[in-house]
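K.L.:
Here you go, one structure.
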Amino acid sequence: MSSGSSSRSTSPSSDSEWSKKENKMFEEALAYYGEGAPNLWEKVASAMGGTKSAEEVRRHFQILIDDVNNIEYGRIPFPKYKTQGFWT
């Protein structure tokens with residue numbers, strides 16, 4: 001999942017990468033409707049203007065959940081960022 005990609009799906013059933021704009025629309029729609037909303041994936045897909053299908057939205061959400069779980073369970077090491085400030 002590359003949020004830096006600018007490619008767009010050419011049809012709602014396409015499995016292309018998600019653009020930054022699509023990720024932002026996804027996040028905003030998910031926050032607006034909430035995880036427990038009925039027909040959530042259809043609502044989020046509609047709020048995104050039809051650039052992704054409800055199934056693509058559902059899969060995207062599941063990939064994000066899997067990524068978070070892998071990080072939390074230590075399966076993926078936490079990145080070591082170069083930072084500046086009093087804590088370094």
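Letters A, B, ... go to the chains of the structure tokens in the order shown; residues in each chain start at 1; ligands are counted from 1 in the same order.
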Residues at most 12 Å from Asn39 of chain A, counting only C-alpha atoms, excluding those fewer than 3 positions away in the same chain, as a ChimeraX atom specification?

P.N.:
/A:30,33-36,42-46,54-55,57-58

K.L.:
Include C-alpha atoms and write out the residues we just selected as a PDB file, in the first residue's frame.

P.N.:
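Saved result, selection24.pdb, follows:
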ATOM      1  CA  LEU A  30     -14.515   6.181   7.856  1.00  0.00           C
ATOM      2  CA  TYR A  33     -19.590   7.095   9.466  1.00  0.00           C
ATOM      3  CA  GLY A  34     -17.791   5.114  12.183  1.00  0.00           C
ATOM      4  CA  GLU A  35     -16.825   1.446  12.104  1.00  0.00           C
ATOM      5  CA  GLY A  36     -20.230   0.226  13.270  1.00  0.00           C
ATOM      6  CA  GLU A  42     -20.833   1.111   0.429  1.00  0.00           C
ATOM      7  CA  LYS A  43     -21.121   4.461   2.203  1.00  0.00           C
ATOM      8  CA  VAL A  44     -17.353   4.998   2.243  1.00  0.00           C
ATOM      9  CA  ALA A  45     -17.036   4.001  -1.428  1.00  0.00           C
ATOM     10  CA  SER A  46     -19.844   6.425  -2.318  1.00  0.00           C
ATOM     11  CA  ALA A  54     -17.161  -1.243  -1.608  1.00  0.00           C
ATOM     12  CA  GLU A  55     -15.105  -4.447  -1.760  1.00  0.00           C
ATOM     13  CA  VAL A  57     -12.685  -0.231   0.530  1.00  0.00           C
ATOM     14  CA  ARG A  58     -13.297  -3.241   2.778  1.00  0.00           C
TER      15      ARG A  58
END

K.L.:
Find, counting only C-alpha atoms, the residue in A:Tyr32, A:Glu56, A:Leu40, A:Gly74 that gets nearest to Glu17 of chain A.

P.N.:
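Looking only at the distances to Glu17 of chain A, the closest residue turns out to be A:Glu56.
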
K.L.:
Give me, please, the distance in Å between atom CA of Met48 of chain A and atom CA of Met25 of chain A, quoted to one decimal.

P.N.:
5.7 Å

K.L.:
Grab the atom CA of Trp18 of chain A to atom CA of Ala31 of chain A distance for me, in Å with one decimal place.

P.N.:
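Atom CA of Ala31 of chain A lies 17.9 Å from atom CA of Trp18 of chain A.
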
K.L.:
Nearest residue to Ala47 of chain A out of A:Ile71, A:Ala29, A:Ile76, A:Ile65, using only C-alpha atoms?

P.N.:
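Closest residue, counting only C-alpha atoms: A:Ala29.
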
K.L.:
Just the number, please: distance in Å from atom CA of Lys52 of chain A to atom CA of Arg75 of chain A, one decimal.

P.N.:
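About the pair atom CA of Lys52 of chain A and atom CA of Arg75 of chain A: they are 29.4 Å apart.
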